[in-house]
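Dropping work-v1.txt in here (compact mmCIF, C-alpha atoms and all ligand atoms):
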```
# COMPACT_ATOMS: atom_id res chain seq x y z
CA MET Q 1 32.39 24.06 28.29
CA TYR Q 2 34.32 23.87 25.01
CA PRO Q 3 34.01 21.86 21.78
CA LEU Q 4 36.17 18.72 21.78
CA VAL Q 5 37.20 16.64 18.77
CA VAL Q 6 37.84 12.98 19.63
CA ILE Q 7 40.03 11.04 17.17
CA PRO Q 8 40.82 7.34 17.58
CA THR Q 9 44.12 6.38 16.01
CA TYR Q 10 45.79 3.18 14.97
CA ASN Q 11 48.87 3.58 12.78
CA GLU Q 12 48.27 7.15 11.66
CA ALA Q 13 51.87 8.40 12.00
CA ASP Q 14 51.68 10.35 8.73
CA ASN Q 15 48.23 11.84 9.36
CA ILE Q 16 48.30 12.84 13.00
CA THR Q 17 50.34 16.03 12.59
CA PRO Q 18 48.52 17.40 9.51
CA ILE Q 19 45.06 16.64 10.94
CA SER Q 20 45.94 18.40 14.19
CA GLU Q 21 47.24 21.41 12.29
CA ALA Q 22 44.10 21.49 10.14
CA LEU Q 23 41.83 21.37 13.19
CA PHE Q 24 43.54 24.22 15.00
CA ALA Q 25 43.76 26.20 11.76
CA LEU Q 26 39.95 26.38 11.78
CA GLY Q 27 40.42 29.14 14.33
CA ILE Q 28 37.53 27.97 16.51
CA PRO Q 29 38.05 29.55 19.89
CA GLU Q 30 38.41 27.04 22.73
CA LEU Q 31 38.41 24.00 20.42
CA GLN Q 32 40.31 21.11 21.98
CA VAL Q 33 41.45 17.75 20.59
CA LEU Q 34 41.67 14.32 22.21
CA ILE Q 35 43.62 11.53 20.53
CA VAL Q 36 42.81 7.98 21.65
CA ASP Q 37 45.67 5.76 20.52
CA ASP Q 38 45.79 1.98 20.82
CA GLU Q 39 49.55 1.45 21.14
CA SER Q 40 50.06 2.02 17.40
CA PRO Q 41 53.19 0.12 16.36
CA ASP Q 42 54.13 2.99 14.00
CA GLY Q 43 54.59 5.41 16.90
CA THR Q 44 51.44 7.54 16.42
CA GLY Q 45 51.09 7.81 20.21
CA ARG Q 46 54.62 9.15 20.62
CA ILE Q 47 54.13 11.69 17.83
CA ALA Q 48 50.91 12.82 19.51
CA ASP Q 49 52.67 13.25 22.86
CA ALA Q 50 55.32 15.37 21.16
CA LEU Q 51 52.63 17.56 19.57
CA ALA Q 52 50.84 18.31 22.83
CA PRO Q 53 53.10 21.12 24.14
CA ARG Q 54 52.60 23.01 20.86
CA TYR Q 55 48.90 23.49 21.63
CA LYS Q 56 49.26 24.38 25.31
CA GLY Q 57 46.59 22.44 27.18
CA ARG Q 58 44.26 22.13 24.17
CA PHE Q 59 45.62 18.82 22.85
CA HIS Q 60 45.28 15.64 24.89
CA VAL Q 61 46.38 12.06 24.35
CA LEU Q 62 44.93 8.89 25.84
CA HIS Q 63 47.06 5.77 25.54
CA ARG Q 64 44.98 2.64 25.67
CA THR Q 65 46.45 -0.74 26.47
CA GLY Q 66 44.91 -4.19 26.12
CA PRO Q 67 42.78 -5.33 23.18
CA ARG Q 68 42.40 -2.61 20.59
CA GLY Q 69 39.16 -1.63 18.93
CA LEU Q 70 37.45 1.41 17.48
CA GLY Q 71 34.40 1.04 19.71
CA ARG Q 72 36.38 0.69 22.91
CA ALA Q 73 38.59 3.64 21.98
CA TYR Q 74 35.54 5.87 21.41
CA VAL Q 75 33.81 4.87 24.62
CA GLU Q 76 36.96 5.69 26.55
CA GLY Q 77 37.36 8.99 24.69
CA PHE Q 78 33.72 9.97 25.28
CA ARG Q 79 34.03 9.14 28.99
CA TRP Q 80 37.07 11.40 29.16
CA ALA Q 81 35.08 14.13 27.39
CA LEU Q 82 32.23 13.89 29.90
CA ASP Q 83 34.65 13.90 32.83
CA HIS Q 84 36.36 17.00 31.43
CA ASP Q 85 33.33 19.24 30.77
CA ALA Q 86 33.44 19.09 26.97
CA ASP Q 87 30.33 20.18 25.04
CA PRO Q 88 29.71 19.46 22.22
CA ILE Q 89 31.79 16.40 21.31
CA ILE Q 90 32.82 15.70 17.73
CA GLN Q 91 34.06 12.32 16.54
CA MET Q 92 36.09 11.85 13.37
CA ASP Q 93 38.72 9.73 11.63
CA CYS Q 94 42.34 10.76 11.50
CA ASP Q 95 42.79 10.17 7.78
CA PHE Q 96 41.09 13.25 6.18
CA SER Q 97 38.13 11.19 4.95
CA HIS Q 98 36.26 13.51 7.29
CA SER Q 99 37.20 17.02 6.32
CA PRO Q 100 37.69 19.41 9.26
CA ALA Q 101 36.05 22.04 7.06
CA TYR Q 102 32.60 20.69 8.05
CA ILE Q 103 33.14 21.30 11.76
CA PRO Q 104 31.82 24.90 11.82
CA GLN Q 105 28.54 23.62 10.29
CA PHE Q 106 28.33 20.90 12.95
CA LEU Q 107 28.78 23.47 15.69
CA GLU Q 108 26.06 25.64 14.21
CA HIS Q 109 23.47 22.85 13.86
CA ILE Q 110 24.16 21.24 17.23
CA LYS Q 111 22.49 24.26 18.79
CA GLU Q 112 19.16 22.89 17.46
CA TYR Q 113 19.82 19.13 17.46
CA ASP Q 114 21.16 16.46 19.81
CA VAL Q 115 23.26 14.76 17.16
CA VAL Q 116 24.57 16.00 13.82
CA VAL Q 117 25.73 13.33 11.37
CA GLY Q 118 28.08 13.97 8.44
CA SER Q 119 26.25 11.87 5.87
CA ARG Q 120 27.30 10.33 2.57
CA TYR Q 121 23.79 9.19 1.70
CA VAL Q 122 21.56 12.25 1.91
CA ALA Q 123 21.00 14.61 -1.02
CA GLY Q 124 24.28 16.38 -1.71
CA GLY Q 125 26.37 13.76 0.12
CA ARG Q 126 29.03 11.96 -1.90
CA THR Q 127 31.67 9.27 -1.67
CA ASP Q 128 35.06 9.37 -3.34
CA GLU Q 129 34.89 10.03 -7.08
CA ARG Q 130 37.36 7.22 -7.66
CA TRP Q 131 34.92 4.61 -6.35
CA GLY Q 132 33.63 2.44 -9.17
CA TRP Q 133 29.96 1.58 -9.48
CA GLY Q 134 30.40 -1.79 -7.80
CA ARG Q 135 32.01 -0.38 -4.71
CA TRP Q 136 29.49 2.43 -4.37
CA LEU Q 137 26.58 0.02 -4.78
CA LEU Q 138 27.95 -2.40 -2.18
CA SER Q 139 28.56 0.37 0.32
CA TRP Q 140 25.18 1.98 -0.28
CA TRP Q 141 23.39 -1.36 -0.02
CA ALA Q 142 25.23 -2.44 3.15
CA ASN Q 143 24.52 0.88 4.79
CA SER Q 144 21.30 2.31 3.48
CA VAL Q 145 19.44 -0.93 2.74
CA TYR Q 146 20.76 -3.89 4.77
CA THR Q 147 21.57 -2.17 8.06
CA ARG Q 148 18.67 0.28 7.90
CA LEU Q 149 16.12 -2.42 7.11
CA ILE Q 150 17.26 -4.64 9.97
CA LEU Q 151 17.17 -1.79 12.43
CA GLY Q 152 14.29 0.18 10.98
CA CYS Q 153 16.35 3.37 11.21
CA ARG Q 154 15.48 6.72 9.72
CA VAL Q 155 19.11 7.83 9.65
CA LYS Q 156 20.44 7.26 6.14
CA ASP Q 157 24.16 6.99 6.87
CA VAL Q 158 23.89 4.61 9.76
CA THR Q 159 27.59 3.63 9.66
CA ALA Q 160 28.84 7.23 9.58
CA GLY Q 161 31.88 7.98 11.72
CA PHE Q 162 31.75 11.78 11.51
CA LYS Q 163 29.31 13.07 14.11
CA CYS Q 164 28.76 15.81 16.63
CA TRP Q 165 27.10 15.01 19.95
CA ARG Q 166 25.52 17.25 22.47
CA ARG Q 167 26.98 16.34 25.82
CA SER Q 168 23.49 15.69 27.22
CA ALA Q 169 22.89 13.07 24.51
CA LEU Q 170 26.05 11.15 25.40
CA GLU Q 171 25.03 11.32 29.05
CA GLY Q 172 21.52 10.11 28.30
CA ILE Q 173 22.71 7.27 26.07
CA ASP Q 174 24.65 5.83 29.02
CA LEU Q 175 27.94 4.63 27.60
CA SER Q 176 27.88 1.49 29.74
CA ARG Q 177 25.08 0.29 27.41
CA ILE Q 178 27.42 0.44 24.41
CA ARG Q 179 29.16 -2.90 23.97
CA SER Q 180 30.68 -2.89 20.48
CA GLN Q 181 34.39 -3.49 20.32
CA GLY Q 182 34.88 -2.61 16.66
CA TYR Q 183 33.37 -0.66 13.77
CA VAL Q 184 29.76 -1.63 14.48
CA PHE Q 185 30.08 0.90 17.31
CA GLN Q 186 28.98 3.57 14.82
CA VAL Q 187 25.80 1.66 14.07
CA GLU Q 188 25.13 0.94 17.74
CA MET Q 189 25.44 4.61 18.69
CA ALA Q 190 23.21 5.75 15.82
CA TYR Q 191 20.57 3.15 16.68
CA VAL Q 192 20.56 3.86 20.42
CA ALA Q 193 20.35 7.62 19.77
CA GLU Q 194 17.37 7.08 17.48
CA ARG Q 195 15.59 4.66 19.86
CA LEU Q 196 16.01 7.13 22.69
CA GLY Q 197 14.33 9.79 20.59
CA TYR Q 198 17.21 12.21 20.22
CA ARG Q 199 16.88 14.82 17.50
CA ILE Q 200 19.22 13.78 14.72
CA LEU Q 201 20.20 15.93 11.71
CA GLU Q 202 22.14 14.57 8.75
CA ILE Q 203 24.18 17.05 6.76
CA PRO Q 204 25.74 16.06 3.42
CA ILE Q 205 29.48 15.53 3.27
CA TYR Q 206 31.97 14.53 0.63
CA PHE Q 207 33.76 11.44 1.92
CA GLU Q 208 37.18 11.25 0.33
CA ASP Q 209 39.33 8.11 0.53
CA ARG Q 210 42.36 8.33 2.76
CA ARG Q 211 45.43 9.52 0.87
CA ILE Q 212 48.07 8.24 3.30
CA GLY Q 213 48.30 5.05 5.36
CA CYS Q 214 45.93 2.13 5.08
CA SER Q 215 42.42 1.31 6.19
CA LYS Q 216 41.93 -1.10 9.05
CA MET Q 217 38.56 -2.01 7.58
CA THR Q 218 39.37 -5.30 5.84
CA MET Q 219 36.73 -7.51 4.21
CA SER Q 220 36.59 -9.82 7.25
CA VAL Q 221 36.08 -6.79 9.52
CA LYS Q 222 33.22 -5.66 7.24
CA ILE Q 223 31.55 -9.07 7.32
CA GLU Q 224 31.83 -9.24 11.09
CA ALA Q 225 30.31 -5.77 11.42
CA ALA Q 226 27.42 -6.77 9.14
CA LEU Q 227 26.60 -9.81 11.28
CA ARG Q 228 26.85 -7.82 14.49
CA VAL Q 229 24.03 -5.53 13.35
CA TRP Q 230 21.62 -8.28 14.48
CA GLU Q 231 23.18 -8.24 17.93
CA VAL Q 232 22.78 -4.46 18.11
CA ARG Q 233 19.11 -4.85 17.26
CA ARG Q 234 18.51 -7.57 19.85
CA ARG Q 235 20.27 -5.60 22.53
CA HIS Q 236 18.56 -2.26 22.04
CA ARG Q 237 15.25 -2.64 20.27
CA HIS Q 238 13.27 -2.33 23.50
CA LEU Q 239 14.72 1.14 24.23
CA ARG Q 240 12.32 4.08 24.59
CA PRO Q 241 12.92 7.79 25.24
CA SER Q 242 12.09 7.13 28.90
CA ASP Q 243 15.21 4.95 29.09
CA ARG Q 244 17.51 7.96 28.81
CA LEU Q 245 19.85 8.04 31.75
CA ARG Q 246 18.63 11.48 32.74
N1 LIG M 1 42.24 3.69 18.76
C1 LIG M 1 41.91 2.99 17.66
N2 LIG M 1 41.67 3.59 16.50
C2 LIG M 1 41.35 2.83 15.42
C3 LIG M 1 41.27 1.42 15.47
N3 LIG M 1 40.93 0.97 14.23
C4 LIG M 1 40.80 2.05 13.45
N4 LIG M 1 41.06 3.19 14.15
C5 LIG M 1 41.01 4.57 13.70
O1 LIG M 1 39.67 4.82 13.31
C6 LIG M 1 39.62 5.69 12.18
C7 LIG M 1 38.90 4.98 11.03
O2 LIG M 1 39.67 3.88 10.61
P1 LIG M 1 39.99 3.55 9.08
O3 LIG M 1 40.97 2.44 9.06
O4 LIG M 1 40.33 4.80 8.34
O5 LIG M 1 38.59 2.98 8.61
P2 LIG M 1 37.80 3.32 7.27
O6 LIG M 1 37.77 4.81 7.12
O7 LIG M 1 36.46 2.72 7.52
O8 LIG M 1 38.57 2.66 6.20
C8 LIG M 1 41.07 6.06 11.88
O9 LIG M 1 41.39 7.27 12.53
C9 LIG M 1 41.84 4.88 12.48
O10 LIG M 1 43.16 5.21 12.83
C10 LIG M 1 41.54 0.80 16.72
O11 LIG M 1 41.50 -0.42 16.87
N5 LIG M 1 41.86 1.61 17.79
MG MG M 2 39.31 5.96 6.94
```
Could you render the structure from this file as structure tokens?
Ligand SMILES: Nc1nc2c(ncn2[C@@H]2O[C@H](COP(=O)(O)OP(=O)(O)O)[C@@H](O)[C@H]2O)c(=O)[nH]1
Ligand SMILES: [Mg+2]
Amino acid sequence: MYPLVVIPTYNEADNITPISEALFALGIPELQVLIVDDESPDGTGRIADALAPRYKGRFHVLHRTGPRGLGRAYVEGFRWALDHDADPIIQMDCDFSHSPAYIPQFLEHIKEYDVVVGSRYVAGGRTDERWGWGRWLLSWWANSVYTRLILGCRVKDVTAGFKCWRRSALEGIDLSRIRSQGYVFQVEMAYVAERLGYRILEIPIYFEDRRIGCSKMTMSVKIEAALRVWEVRRRHRHLRPSDRLR
């Protein structure tokens, strides 16, 4: 067993090398990294392949083909993690919005919890200082009011993408239940984990905007994700702790 960081990538050519360096610079013994690339046109996948020999068996690359999507990339990455004895499993973006500096805290808390969430919306959590009021309010409302009210979730940052999972939680969730193709994957995983009664801890993080490259989260993607929250609710609201896979 070893901690594994899973990073989905789409056009992250300028971030992939620095994020890998930052992760291994943490000096966490046995830490491994899995990149799940969706045929990025900018060559991220090729850069990742070239990095692998540098980290001697601790850096892995999955090349997905077919329709791309954040949700599909994560499900494939998590399946790989379960097949390769990883525990715990950390998920994060490639763009430094999720600072690797929080990972030691995740690894500490996961000893007591099933899921640790890097949260923007608990006391001490923050979003980028450059966000104006309007943007902060929209994000907070979409996340902490709209999505949480529909789902009746306790988790405050229900769209968070920076999380640490105990292997047993990912096994119990049963990844074949998870259907999201895109960003609503984060919401679906948080909701299913909560319905199944897993112990969830939110720790505050500072979420900084990406410095390099561009977000794939366009307004139409956001609207689609917001509508799909209803689908997530319909699909999983009957779940109980007894529905864990094992
Ligand atoms: N494999 C894969 N990764 C993706 C896809 N879309 C986004 N990502 C990655 O998911 C992470 C979050 O995406 P980003 O565009 O930064 O979203 P934002 O932080 O919400 O603006 C980044 O590491 C992206 O490269 C996709 O379709 N496939
Ligand atoms: Mg980002």
Rows by chain and residue number, chain Q within 6 Å of ligand MG 2 (chain M), shortest pair, all atoms listed in the file, as a Markdown table:
```
| residue | atom | partner | partner_atom | distance |
| --- | --- | --- | --- | --- |
| Q:Asp95 | CA | M:MG2 | MG | 5.5 |
| Q:Ser97 | CA | M:MG2 | MG | 5.7 |
| Q:Arg210 | CA | M:MG2 | MG | 5.7 |
| Q:Ser215 | CA | M:MG2 | MG | 5.6 |
```
Work out how far apart atom CA of Q:Ala86 and atom CA of Q:Tyr2 are and give it in Å to one decimal. 5.2 Å
Hey, which residues sit close to ligand LIG 1 (chain M)? Say within 7 Å, counting all atoms listed in the file, and write them as a ChimeraX atom specification. /Q:7-12,36-38,68-70,73,93-95,97,182,210,214-217
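With only C-alpha atoms as the atoms that count, the minimum distance from Q:Leu34 to the choices Q:Ile47, Q:Ile90, Q:Leu107, Q:Ala13 is reached by Q:Ile90.
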Identify, on the basis of only C-alpha atoms, every residue whose closest approach to stretch 16-25 of chain Q does not exceed 12 Å; exclude the query and any residue fewer than 5 positions from it along the same chain; express the result as a ChimeraX atom specification. /Q:3-11,30-37,40,42-52,54-56,58-61,90,92-104,210,212-213
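Atom pair atom CA of Q:Gly132 / atom CA of Q:Arg120: separated by 15.5 Å.
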Please identify all polymer residues within 7 Å of Q:Gly118, counting all atoms listed in the file, omitting same-chain residues fewer than 5 positions from it, and present them as JSON, numbers by chain. {"Q": [160, 162, 163, 202, 203, 204, 205]}
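Of the listed residues Q:Leu26, Q:Val187, Q:Leu201, Q:Ala142, the one whose atoms come nearest to Q:Ser119 is Q:Leu201, with distances taken using all atoms listed in the file.
Coordinates place atom CA of Q:Glu231 at a distance of 26.1 Å from atom CA of Q:Arg167.
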